[in-house]
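I have placed the structure first, in the form of structure tokens, so that the comments after it can refer back to it.
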Amino acid sequence: MNHTPENWGRPRDDIYGFYDRSFLETNPGTAQHTTRPMVTGTSVVALKYNGGVVMAADNLASYGSHARFTDIKRLKQVGTHTVVGAGGDISDMQYLFDKLLESVLIREDYQNDGHTLRAPHIYTYLARVLYNRRCSFNFLWNALLVAGYDDDKKPFLASADLLGTRFSSPALASGFGAHLAIPILRRIAPDEEAAKKLTKEQAIEAIKDCMKVLFYRDGRSLNKYSIAVISEDGVDMQHGVELVNQSWKFAESIKGYGAQTV
């Protein structure tokens, strides 16, 4: 008799016949959709300034609560003056970045008509892809930020989520950044007019402050991140940037939850 653990609790083959494992096999004709993202990325933050946009996202991909991958780049340059940042499911992000966007750029290059895709074109395409997948109940579990320049060569920043919801603002963030970073960014750029008064240095400093706060408060974030500065000269992207001047002194006053007796 076979006493190996994988056979515990199963009828004996010599009496009842071999165990039928067919129900464990996937039917190739069955459509399977992602219903529970496993490996995910957290916040993406972006801010307009006078003449461009700054965007950042950390390099962590979490497997549940496990900080599994620490070198994932969640910002992708598309063309010469456009950057797409993605939060959410990493495999869906790779599908968007490595398959869809690459094929769009290849088709655009084949035409060789002097036209280049700008940020609004990329944004509209991605938003419609997300909405199409939503209507098919086969979601792409991502929140996307698209930054660059529009057809009038003005700074462009907009967001789309897995439902195809689209909106724009001078300051945007996804994930926990929508709760923790947006108040910081709106303090200096509450509207488009205020964003036009910001310098590039001020915008970069504000984004770095947001990444620091997110590292302090978001358990799925990392102290290394990618940052992209989109200007008229193109895209200046840096990966593996580390947080500086960290201070955890605020943790000394945190005693836990509930009434304190000490």
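Letters A, B, ... go to the chains of the structure tokens in the order shown; residues in each chain start at 1; ligands are counted from 1 in the same order.
When DSSP is run on the backbone, the residues of stretch 152-241 of chain A that fall into strand (DSSP E or B) are Pro155, Phe156, Leu157, Ala158, Ser159, Ala160, Arg166, Phe167, Ser168, Ala171, Leu172, Ala173, Lys224, Tyr225, Ser226, Ile227, Ala228, Val229, Ile230, Ser231, Gly234, Val235, Asp236, Met237, Gln238, His239, Gly240 and Val241 of chain A.
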Query raised in the report: Using only C-alpha atoms, which residues sit within 12 Å of A:Val104 once same-chain residues fewer than 5 positions away are excluded, as a list in words?
Result: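 The contact residues come out as Val78, Gly79, Leu96, Phe97, Asp98, Lys99, Asp109, Tyr110, Gln111, Thr116, Leu117, His121, Ile122, Tyr125 and Leu126 of chain A.
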Output for the residues just chosen: all heavy atoms as a CSV table (one decimal), in the first residue's frame:
chain,number,residue,atom,x,y,z
A,78,VAL,N,7.4,56.4,-23.2
A,78,VAL,CA,6.7,56.1,-24.5
A,78,VAL,C,7.0,57.2,-25.5
A,78,VAL,O,6.5,58.3,-25.2
A,78,VAL,CB,5.2,55.9,-24.3
A,78,VAL,CG1,4.6,55.4,-25.6
A,78,VAL,CG2,5.0,54.8,-23.2
A,79,GLY,N,7.7,57.0,-26.5
A,79,GLY,CA,8.1,58.1,-27.4
A,79,GLY,C,9.1,59.0,-26.8
A,79,GLY,O,9.9,58.6,-25.9
A,96,LEU,N,0.6,45.6,-20.6
A,96,LEU,CA,0.4,47.0,-21.2
A,96,LEU,C,1.7,47.5,-21.7
A,96,LEU,O,1.8,48.1,-22.8
A,96,LEU,CB,-0.2,47.9,-20.1
A,96,LEU,CG,-1.7,47.6,-19.8
A,96,LEU,CD1,-2.1,48.5,-18.6
A,96,LEU,CD2,-2.6,48.0,-21.0
A,97,PHE,N,2.8,47.5,-20.9
A,97,PHE,CA,4.0,48.1,-21.2
A,97,PHE,C,4.8,47.4,-22.4
A,97,PHE,O,5.2,48.0,-23.4
A,97,PHE,CB,5.0,48.1,-20.0
A,97,PHE,CG,4.6,49.2,-19.0
A,97,PHE,CD1,3.5,50.0,-19.2
A,97,PHE,CD2,5.4,49.4,-17.9
A,97,PHE,CE1,3.1,51.0,-18.3
A,97,PHE,CE2,5.1,50.4,-17.0
A,97,PHE,CZ,3.9,51.2,-17.2
A,98,ASP,N,4.9,46.1,-22.2
A,98,ASP,CA,5.8,45.3,-23.1
A,98,ASP,C,5.1,44.8,-24.4
A,98,ASP,O,5.8,44.5,-25.4
A,98,ASP,CB,6.4,44.1,-22.4
A,98,ASP,CG,7.2,44.5,-21.2
A,98,ASP,OD1,7.7,45.7,-21.2
A,98,ASP,OD2,7.3,43.7,-20.3
A,99,LYS,N,3.8,44.7,-24.4
A,99,LYS,CA,3.1,44.2,-25.5
A,99,LYS,C,2.3,45.3,-26.3
A,99,LYS,O,2.5,45.6,-27.4
A,99,LYS,CB,2.2,43.0,-25.2
A,99,LYS,CG,1.5,42.3,-26.4
A,99,LYS,CD,0.7,41.1,-26.0
A,99,LYS,CE,0.1,40.4,-27.2
A,99,LYS,NZ,-0.6,39.2,-26.8
A,109,ASP,N,5.9,53.9,-36.0
A,109,ASP,CA,7.2,54.1,-36.7
A,109,ASP,C,7.1,53.6,-38.1
A,109,ASP,O,7.8,54.1,-39.0
A,109,ASP,CB,8.3,53.4,-35.9
A,109,ASP,CG,8.6,54.0,-34.6
A,109,ASP,OD1,8.3,55.2,-34.5
A,109,ASP,OD2,9.2,53.4,-33.7
A,110,TYR,N,6.4,52.5,-38.4
A,110,TYR,CA,6.3,52.0,-39.7
A,110,TYR,C,5.7,53.0,-40.7
A,110,TYR,O,6.0,53.0,-41.9
A,110,TYR,CB,5.4,50.7,-39.7
A,110,TYR,CG,6.1,49.4,-39.3
A,110,TYR,CD1,5.4,48.3,-39.0
A,110,TYR,CD2,7.5,49.4,-39.3
A,110,TYR,CE1,6.0,47.1,-38.6
A,110,TYR,CE2,8.1,48.2,-38.9
A,110,TYR,CZ,7.4,47.1,-38.6
A,110,TYR,OH,8.0,46.0,-38.2
A,111,GLN,N,4.8,53.9,-40.2
A,111,GLN,CA,4.1,54.8,-41.1
A,111,GLN,C,5.1,55.9,-41.6
A,111,GLN,O,4.9,56.3,-42.8
A,111,GLN,CB,2.9,55.5,-40.4
A,111,GLN,CG,1.8,54.5,-40.1
A,111,GLN,CD,0.6,55.1,-39.4
A,111,GLN,OE1,0.4,56.3,-39.6
A,111,GLN,NE2,-0.2,54.3,-38.8
A,116,THR,N,4.3,62.1,-34.5
A,116,THR,CA,4.7,61.4,-33.3
A,116,THR,C,3.5,61.3,-32.3
A,116,THR,O,2.8,62.3,-32.2
A,116,THR,CB,5.9,62.0,-32.6
A,116,THR,OG1,5.6,63.4,-32.3
A,116,THR,CG2,7.1,61.9,-33.5
A,117,LEU,N,3.4,60.2,-31.6
A,117,LEU,CA,2.4,60.1,-30.6
A,117,LEU,C,2.7,60.9,-29.4
A,117,LEU,O,3.8,60.8,-28.8
A,117,LEU,CB,2.2,58.6,-30.2
A,117,LEU,CG,1.6,57.7,-31.3
A,117,LEU,CD1,1.6,56.3,-30.9
A,117,LEU,CD2,0.2,58.2,-31.7
A,121,HIS,N,-2.6,61.1,-26.9
A,121,HIS,CA,-2.9,60.0,-27.8
A,121,HIS,C,-2.7,58.7,-27.0
A,121,HIS,O,-3.5,57.8,-27.1
A,121,HIS,CB,-2.0,60.0,-29.0
A,121,HIS,CG,-2.0,61.3,-29.7
A,121,HIS,ND1,-0.9,61.9,-30.3
A,121,HIS,CD2,-3.0,62.3,-29.9
A,121,HIS,CE1,-1.2,63.0,-30.8
A,121,HIS,NE2,-2.4,63.3,-30.6
A,122,ILE,N,-1.6,58.6,-26.3
A,122,ILE,CA,-1.3,57.4,-25.5
A,122,ILE,C,-2.3,57.2,-24.4
A,122,ILE,O,-2.8,56.1,-24.2
A,122,ILE,CB,0.1,57.4,-24.9
A,122,ILE,CG1,1.2,57.5,-26.0
A,122,ILE,CG2,0.4,56.3,-24.0
A,122,ILE,CD1,1.2,56.3,-26.9
A,125,TYR,N,-5.7,56.0,-25.8
A,125,TYR,CA,-5.6,54.6,-26.2
A,125,TYR,C,-5.7,53.7,-25.0
A,125,TYR,O,-6.5,52.7,-24.9
A,125,TYR,CB,-4.3,54.3,-27.0
A,125,TYR,CG,-4.0,52.9,-27.2
A,125,TYR,CD1,-4.7,52.1,-28.1
A,125,TYR,CD2,-3.0,52.2,-26.5
A,125,TYR,CE1,-4.4,50.8,-28.3
A,125,TYR,CE2,-2.7,50.9,-26.6
A,125,TYR,CZ,-3.4,50.2,-27.6
A,125,TYR,OH,-3.1,48.8,-27.8
A,126,LEU,N,-4.9,54.0,-23.9
A,126,LEU,CA,-4.9,53.1,-22.7
A,126,LEU,C,-6.2,53.2,-22.0
A,126,LEU,O,-6.7,52.1,-21.5
A,126,LEU,CB,-3.8,53.6,-21.8
A,126,LEU,CG,-2.3,53.3,-22.3
A,126,LEU,CD1,-1.3,54.0,-21.3
A,126,LEU,CD2,-2.1,51.8,-22.4
Proximity of stretch 69-91 of chain A to stretch 151-163 of chain A: per-residue shortest pair, 10 Å limit, only C-alpha atoms, as CSV:
residue,atom,partner,partner_atom,distance
A:His81,CA,A:Pro155,CA,10.0
A:Thr82,CA,A:Phe156,CA,9.1
A:Val83,CA,A:Leu157,CA,9.8
A:Val84,CA,A:Ser159,CA,9.8
A:Gly85,CA,A:Ser159,CA,9.5
A:Ala86,CA,A:Asp161,CA,9.6
A:Gly87,CA,A:Asp161,CA,9.4
A:Gly88,CA,A:Leu162,CA,9.4
Export C-alpha atoms of the chosen residues as an mmCIF file, in the first residue's frame?
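Final file, again28.cif:
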data_model
loop_
_atom_site.group_PDB
_atom_site.id
_atom_site.type_symbol
_atom_site.label_atom_id
_atom_site.label_comp_id
_atom_site.auth_asym_id
_atom_site.auth_seq_id
_atom_site.Cartn_x
_atom_site.Cartn_y
_atom_site.Cartn_z
ATOM 1 C CA HIS A 81 8.028 63.192 -24.322
ATOM 2 C CA THR A 82 5.604 60.763 -22.644
ATOM 3 C CA VAL A 83 5.843 58.666 -19.473
ATOM 4 C CA VAL A 84 3.298 56.112 -18.249
ATOM 5 C CA GLY A 85 3.242 55.072 -14.585
ATOM 6 C CA ALA A 86 1.324 52.019 -13.397
ATOM 7 C CA GLY A 87 0.127 50.749 -10.044
ATOM 8 C CA GLY A 88 -1.717 47.524 -9.348
#
Counting only C-alpha atoms, the residue among A:Ala57, A:Ala203, A:Val45, A:Ile182 that lies closest to A:Lys76 is A:Ala57
(message) For the structure I just gave you, how does DSSP split stretch 89-125 of chain A - specifically, which residues are alpha helix (DSSP H)? Reply as a PyMOL selection string.
(response) chain A and resi 90-94+102-111+119-125
*Can you work out which one of A:Ala46, A:Ala31, A:Val129, A:Val39 has the shortest atom-to-atom distance to A:Ile184, counting only C-alpha atoms?*
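Nearest candidate to A:Ile184 out of A:Ala46, A:Ala31, A:Val129, A:Val39: A:Ala46.
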Query raised in the report: atom CA of A:Ala147 to atom CA of A:Gly219: how many Å, to one decimal?
Result: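 These two atoms are separated by 26.3 Å.
Shortest atom-to-atom contact with A:Leu198 among A:Ala61, A:Leu185, A:Leu222, A:Val235: A:Leu185, counting only C-alpha atoms.
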Judged by only C-alpha atoms, the minimum distance to A:Glu192 among A:Ala173, A:Lys48, A:Arg220, A:Lys208 is found for A:Lys48
Open item on the list: Give me the residues near A:Ile207 as a PyMOL selection string, where near means some atom within 9 Å (using only C-alpha atoms) and where sequence neighbours in that chain fewer than 3 positions away do not count.
Closed with: chain A and resi 45-47+54-56+181+185+202-204+210-212+227
Please measure the separation of atom CA of A:Tyr123 and atom CA of A:Asp209, giving the value in Å to one decimal.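 Going from atom CA of A:Tyr123 over to atom CA of A:Asp209, I get 26.6 Å.
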Enter the distance from atom CA of A:Tyr225 to atom CA of A:Ser253, in Å, rounded to one decimal.
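Between atom CA of A:Tyr225 and atom CA of A:Ser253 the gap is 27.9 Å.
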Would you please work out which residue, of A:Gln94, A:Ser174, A:Asn245, A:Asn112, is nearest to A:Leu140 when using only C-alpha atoms?
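Selected residue with least distance to A:Leu140: A:Gln94.
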Quiz item: Of the candidates A:Gly148, A:Gly234, A:Pro183, A:Pro190, which one gets nearest to A:Val53 if we count only C-alpha atoms?
Solution: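 Between A:Gly148, A:Gly234, A:Pro183, A:Pro190, the residue approaching A:Val53 most closely is A:Gly148.
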